[in-house]
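Asks: Could you have a look at this structure, given as structure tokens, before my questions?
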Amino acid sequence: MDIASGLQLKRIFLETRLPEALEPLQRLAHNIWWSWNPRAQDLFEELRPEGLEAHGYNPVRLLDSLNAQDIRRLAQDEVFLAKLQEVDRDFQTYLQAKPSEDLPLVAYFSMEYGLHFSLRLYSGGLGILAGDYLKQASDSNVRMVGVGLLYRYGYFQQSISLYGDQINEYPAQEFSKLPIRPVRMPNGERYQIQVLIEDRPVMAKVWELPVGRIPLYLLDTELEENAPQDRSLTHQLYGGDSEHRLKQEILLGVGGVRLLETLGITPDVFHCNEGHAAFLGLERLRSIRHRTGLSLEATREVVRASSLFTTHTPVPAGHDKFPDGLLDRYLGRYVQDLGISRDEFLAMGKMHPDDPNEQFSMSHLAIRLSQEVNGVSRLHGAVSRAMFQDLYPGFAAEELHISHVTNSVHYPSWIARSWRKLFQEQFGPQFEHDQSNPEYWRRIQRLSSDWIFELRQNLKAKLLTYIRRQLQTDLTRRGEKPAVIFEMLNGIDDRALVVGFARRFATYKRAHLLFSNLERLADLVNQPGRPVLFVFAGKAHPADQGGQALIRDIVQISKMPEFIGKVIFLEGYNMEMAKHLVQGVDVWLNTPTRPLEASGTSGMKATLNGVINFSVLDGWWDEGYRADAGWALPKEATYEDHQLQDELDAETIYNILENEIVPTYFDRDEAGVPKKWIGYVRNTIAEIAPRFTMKRMLDDYFRQFYLPLHERSQKLHQDHYALANTLVQWKKEMLEFWPAVQVLEQQVWNEQAPTHPSGQPLEATIRLFIGEIEPGHLGMEVVFFGLDEAGLLVPRLVKEMDRSLPAKGEIAFSCQIEPEFSGVFEYGFRLYARHEMLPHRQDFHLVAWI
């Protein structure tokens with residue numbers, strides 16, 4: 001044996017092995033279900049004196065910290081074992097419930113998932129929405145599978161310097177300490193998938209993260225056989241440049257479909273959550289063509305019939321776009337394997353395929369390969385129709401098939417325990433299974449104001465304790481002077497009206513509005529007997545210098561004598577902090593630039609907890625606002641100049657705070673209860689909360705999209721895709737015969753007259769030569785347009801015209817209209833192609849205006 005004088009060490013992994021009686025702890029820790037089950041959380045809190053918080057709220061890490069003495073103590077604690085058995089029994093019953101086989105299996109693709117603070121797979125609202133969605137899919141016991149990427153470093157963690165600068169930190173996640181498991185073949189080998197990137201194969205491991213009953217499969221390229229640049233593909237969420245983003249999106253879309261095929265999973269519906277995963281449509285085209293031998297056109301019909309695209313972005317610049325050269329470099333061979341030309345491929349993501357300066361849009365690709373498209377609020381649906389109108393020439397934005405499902409939040413994940421306990425007692429045992437039913441929530445009106453106020457005050461006290469603890473830790477770490485720390489902590493008044501503002505610090509969120517007039521703000525927060533506290537939190541993207549400057553300004557303002565303890569910025573915003581804030585503040589403030597808030601969900605979480613919203617009428621609040629349950633800034637901008645609009649909105653915010661919100665909160669009865677304020681709380685819970693539960697959102701997706709998509713998709717699959725082939729042939733014939741259509745005769749009401757008397761019918765007949773076209777495959781409608789408030793033409797009347805067949809190869813359309821409106825209008829006659837199997841008019845937007 002060789003003996004060395006220097007230090008030589010070998011590594012051994014000592015794995016925590018639990019006795020059989022404690023084995024359920026491992027099962028519970030390795031399914032994120034525990035995070036929305038209070039009794040499971042309590043079990044983990046009992047394992048060690050320091051509880052979950054000391055271990056990053058991660059039960060897997062907590063279990064690994066148990067020593068032999070801890071294990072013996074727990075194994076001999078009969079009370080603890082009884083609790084464990086009861087929770088495990090509930091968990092097993094939950095898992096064993098079988099979903100209805102009548103429901104379609106939905107594959108949900110998303111670049112990020114916000115499931116829990118301990119899993120850094122998210123950056124913000126998009127990911128948290130996706131996480132909430134899978135949780136509700138589990139609770140509702142539907143058939144769903146999630147697909148995403150497993151990030152080694154995730155999104156950055158935030159700390160703040162002494163001078164208010166944001167510091168971006170990327171600590172590595174220890175996969176052995178996460179509730180994930182490698183997916184293995186029957187022989188024990190790990191499943192891997194391969195994608196082609198820049199003409200080289202890139203391998204990815206497959207992990208499973210159980211979300212209750214729903215499996216979430218995640219791809220990870222950290223493999224020795226991959227090149228270094230490919231191993232880093234799954235290191236950071238939204239890290240790197242446009243080129244890196246393209247490679248990640250190839251992995252998610254193409255690799256995600258191959259993952260499902262490798263595991264033998266055959267979804268009925270594919271849901272693309274934002275454009276990041278749009279390449280899934282391409283991979284489905286390739287896979288189905290190779291498997292069935294269908295033509296490209298027929299395959300496209302099959303793919304579209306089972307695809308839904310959800311857009312979350314309200315401005316064109318926010319959609320991912322890539323230059324032709326980058327696509328050629330990374331997808332050139334893939335496109336060849338797809339069996340289409342370069343021009344055909346580029347046309348899927350462009351308005352003008354021949355324009356090399358126009359970049360390839362992932363959203364355009366997703367739209368062209370999806371039968372259905374939706375925005376994430378009523379207002380965002382309208383914004384999306386206008387944004388994508390150019391894809392559908394011949395139709396007004398209001399006529400497009402693009403719909404909306406308003407985002408929502410997972411009730412068990414965001415409701416405070418005290419509220420949940422109260423609701424269970426007052427609303428009945430069926431409430432959580434039917435949580436979108438407003439009749440349950442309206443029972444809050446029966447409860448006394450004293451009771452509700454006490455509950456809200458207790459939640460605020462809990463929040464203020466959390467804030468003081470966080471501040472002391474963070475300010476000490478920054479090296480802040482003890483006197484400043486002492487003054488800031490003591491300046492927090494327990495009696496204060498607490499206003500929360502916590503979200504991504506993008507400049508369009510306008511966190512600066514409140515600080516437009518520091519003198520007026522100082523008067524507001526320092527009123528004798530009416531203390532007000534503003535709490536800010538949020539991250540700015542590492543590349544967003546404007547957002548980081550806002551954070552720096554707020555941190556500096558918070559140290560000014562008139563604002564110390566009155567304005568606070570909490571660093572390290574995450575899901576755990578968000579829970580404390582949306583449960584504990586009195587008012588939730590949101591001030592986005594109109595109409596850039598696609599939806600927003602933080603205010604919904606606050607609403608569940610009786611927190612009153614004060615926001616611009618944008619996104620979800622345009623639907624949720626009630627005058628007796630919150631406050632609002634107008635939906636329409638007054639000025640085109642953004643600076644002037646900001647000044648107006650800032651003044652409006654000050655006025656509403658000074659004259660309505662603060663006086664209402666501090667107007668107390670003899671018992672010290674703000675009766676009018678509690679009325680706002682009651683109405684918030686009774687009338688707003690039930691409309692924004694994830695149960696409602698999931699039900700909407702099934703009713704509006706999943707079930708109709710599945711029904712039509714099944715029809716296209718029958719008899720070896722006979723209907724898909726028939727539809728393709730019909731479209732080809734229509735395109736071939738369409739140019740031959742001619743107007744033979746046109747008799748329209750007296751077009752030469754300058755006016756037409758109201759009350760008198762308008763009559764028109766248009767006779768066409770249609771050649772080989774089947775008359776039943778044509779329709780015509782008369783459309784009247786008027787100007788809206790913005791001066792844009794919008795449809796005021798759309799009327800289908802009657803058909804007749806005067807001779808072979810001809811068709812006549814006629815109408816008689818008795819207008820019930822007056823004014824100046826534009827009108828035209830729209831000829832369009834029709835077929836009973838078209839899901840909507842824009843599926844084959846072959847139109848001509850006469």
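Every chain in the structure tokens has a letter given in the order shown (A, B, ...), and although residue numbers restart at 1 in each chain, ligands are simply numbered from 1 in the order shown.
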Report the residues of segment 575-749 of chain A whose backbone DSSP state falls under strand (DSSP E), written as a list in words.
Replies: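 Answer for segment 575-749 of chain A restricted to strand (DSSP E) is Val587, Trp588, Leu589, Asn590, Ile612, Asn613, Phe614, Ser615, Val616, Gly630, Trp631, Ala632, Leu633, Gln742, Val743, Leu744, Glu745, Gln746, Gln747 and Val748 of chain A.
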Asks: Leaving out Ala396 of chain A and any residue of its chain fewer than 4 positions from it, which residues lie within 12 Å of it when counting only C-alpha atoms, given as an NGL selection string?
Replies: :A and (382 or 385-392 or 400-402 or 783-786 or 792-796 or 798 or 830 or 842)
Asks: List every residue of segment 214-277 of chain A that DSSP, applied to the backbone, labels as alpha helix (DSSP H), and write the result as a list in words.
Replies: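 Residues of segment 214-277 of chain A classed as alpha helix (DSSP H): Pro228, Gln229, Asp230, Arg231, Ser242, Glu243, His244, Arg245, Leu246, Lys247, Gln248, Glu249, Ile250, Gly256, Val257, Arg258, Leu259, Leu260, Glu261 and Thr262 of chain A.
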Asks: Identify which of the residues A:Ile167, A:Leu63, A:Ala347, A:Ala305 lies closest to Ala540 of chain A, counting only C-alpha atoms when measuring atom-to-atom distances.
Replies: A:Ile167
Asks: In Å to one decimal, how far is atom CA of Gln556 of chain A from atom CA of Leu657 of chain A?
Replies: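 Computing it gives 22.8 Å between the two atoms.
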Asks: Skipping near chain neighbours, those fewer than 4 positions away, what residues fall within 8 Å of Ile557 of chain A using only C-alpha atoms, listed as a list of chain:residue names?
Replies: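 Using only C-alpha atoms, the neighbours found are A:Asp553, A:Phe563, A:Val567.
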Asks: Suppose we keep C-alpha atoms; can you now write the selection as a JSON list (two decimals), in the first residue's frame?
Replies:
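That gives us again18.json:
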[["chain", "number", "residue", "atom", "x", "y", "z"],
["A", 553, "ASP", "CA", -34.42, 54.63, -5.82],
["A", 563, "PHE", "CA", -39.93, 57.60, 5.19],
["A", 567, "VAL", "CA", -41.59, 52.83, 3.01]]
Asks: Could you check how far atom CA of Thr473 of chain A sits from atom CA of Arg503 of chain A, in Å to one decimal?
Replies: 21.6 Å
Asks: Find the residues around segment 756-772 of chain A up to 10 Å (only C-alpha atoms counted), leave out those fewer than 6 positions away in its own chain, and share them as a PyMOL selection string.
Replies: chain A and resi 733-734+736-750+778+780+782+801-823+829+850
Asks: Mind checking which residues fall within 6 Å of Thr693 of chain A, counting only C-alpha atoms, ignoring those fewer than 3 positions away in the same chain, and posting them as a PyMOL selection string?
Replies: chain A and resi 408-409+690+696
Asks: What's the 10 Å shell around Phe322 of chain A, counting only C-alpha atoms, without same-chain residues fewer than 3 positions away, as number ranges by chain?
Replies: A: 242-243, 245-246, 325-327, 349, 358-362
Asks: Could you save those same residues with N, CA, C and O atoms as an mmCIF file, in the first residue's frame?
Replies:
data_model
loop_
_atom_site.group_PDB
_atom_site.id
_atom_site.type_symbol
_atom_site.label_atom_id
_atom_site.label_comp_id
_atom_site.auth_asym_id
_atom_site.auth_seq_id
_atom_site.Cartn_x
_atom_site.Cartn_y
_atom_site.Cartn_z
ATOM 1 N N SER A 242 -30.179 35.623 -27.411
ATOM 2 C CA SER A 242 -31.234 35.109 -28.280
ATOM 3 C C SER A 242 -30.890 33.727 -28.809
ATOM 4 O O SER A 242 -31.768 32.860 -28.938
ATOM 5 N N GLU A 243 -29.626 33.501 -29.103
ATOM 6 C CA GLU A 243 -29.191 32.206 -29.615
ATOM 7 C C GLU A 243 -29.419 31.109 -28.577
ATOM 8 O O GLU A 243 -29.915 30.019 -28.897
ATOM 9 N N ARG A 245 -31.585 31.225 -26.168
ATOM 10 C CA ARG A 245 -33.032 31.062 -26.014
ATOM 11 C C ARG A 245 -33.586 30.150 -27.108
ATOM 12 O O ARG A 245 -34.439 29.295 -26.852
ATOM 13 N N LEU A 246 -33.109 30.326 -28.349
ATOM 14 C CA LEU A 246 -33.576 29.478 -29.443
ATOM 15 C C LEU A 246 -33.264 28.016 -29.156
ATOM 16 O O LEU A 246 -34.117 27.135 -29.357
ATOM 17 N N GLY A 325 -30.970 33.665 -40.332
ATOM 18 C CA GLY A 325 -29.668 33.011 -40.258
ATOM 19 C C GLY A 325 -29.530 32.094 -39.071
ATOM 20 O O GLY A 325 -28.919 31.013 -39.156
ATOM 21 N N LEU A 326 -30.106 32.510 -37.936
ATOM 22 C CA LEU A 326 -30.036 31.674 -36.736
ATOM 23 C C LEU A 326 -30.861 30.407 -36.917
ATOM 24 O O LEU A 326 -30.453 29.311 -36.507
ATOM 25 N N LEU A 327 -32.014 30.537 -37.542
ATOM 26 C CA LEU A 327 -32.863 29.374 -37.798
ATOM 27 C C LEU A 327 -32.194 28.420 -38.784
ATOM 28 O O LEU A 327 -32.246 27.193 -38.613
ATOM 29 N N GLY A 349 -43.724 31.348 -39.694
ATOM 30 C CA GLY A 349 -43.472 32.291 -38.609
ATOM 31 C C GLY A 349 -43.357 33.734 -39.051
ATOM 32 O O GLY A 349 -42.874 34.570 -38.280
ATOM 33 N N GLU A 358 -37.509 40.668 -41.798
ATOM 34 C CA GLU A 358 -38.553 40.303 -40.835
ATOM 35 C C GLU A 358 -38.123 39.048 -40.093
ATOM 36 O O GLU A 358 -37.723 38.058 -40.706
ATOM 37 N N GLN A 359 -38.193 39.095 -38.791
ATOM 38 C CA GLN A 359 -37.760 37.950 -38.006
ATOM 39 C C GLN A 359 -38.885 36.930 -37.848
ATOM 40 O O GLN A 359 -40.069 37.244 -37.981
ATOM 41 N N PHE A 360 -38.481 35.720 -37.570
ATOM 42 C CA PHE A 360 -39.397 34.585 -37.420
ATOM 43 C C PHE A 360 -40.029 34.652 -36.024
ATOM 44 O O PHE A 360 -39.336 34.634 -35.007
ATOM 45 N N SER A 361 -41.348 34.725 -35.988
ATOM 46 C CA SER A 361 -42.081 34.877 -34.722
ATOM 47 C C SER A 361 -42.555 33.526 -34.208
ATOM 48 O O SER A 361 -43.261 32.794 -34.907
ATOM 49 N N MET A 362 -42.189 33.211 -32.980
ATOM 50 C CA MET A 362 -42.649 31.960 -32.369
ATOM 51 C C MET A 362 -44.160 31.988 -32.142
ATOM 52 O O MET A 362 -44.825 30.953 -32.211
#
Asks: Skip Pro99 of chain A itself and residues of its chain fewer than 3 positions away, then list as a ChimeraX atom specification all residues within 9 Å of it, counting only C-alpha atoms.
Replies: /A:102-103,140-143
Asks: Under the rule that only C-alpha atoms are counted, which of A:Ser35, A:Ser599, A:Leu589, A:Pro24 is the nearest residue to Gln85 of chain A?
Replies: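 Using only C-alpha atoms, Gln85 of chain A sits closest to A:Pro24.
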Asks: Just checking: using only C-alpha atoms, which residue out of A:Lys321, A:Glu20, A:Gly124, A:Leu846 ends up closest to Lys539 of chain A?
Replies: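 So, comparing all the options, the nearest one is A:Gly124.
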Asks: Just the number, please: distance in Å from atom CA of Gln435 of chain A to atom CA of Asp700 of chain A, one decimal.
Replies: 13.8 Å
Asks: When you count only C-alpha atoms, which of these residues is closest to His845 of chain A: A:Gly394, A:Gly500, A:Gly332, A:Gly546?
Replies: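 Among the listed residues, the smallest separation from His845 of chain A belongs to A:Gly394.
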Asks: Determine the nearest neighbour of Gly131 of chain A from the options A:Leu787, A:Met111, A:Ala578, A:Ala227, counting only C-alpha atoms.
Replies: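 Once distances to Gly131 of chain A are computed over only C-alpha atoms, the minimum belongs to A:Met111.
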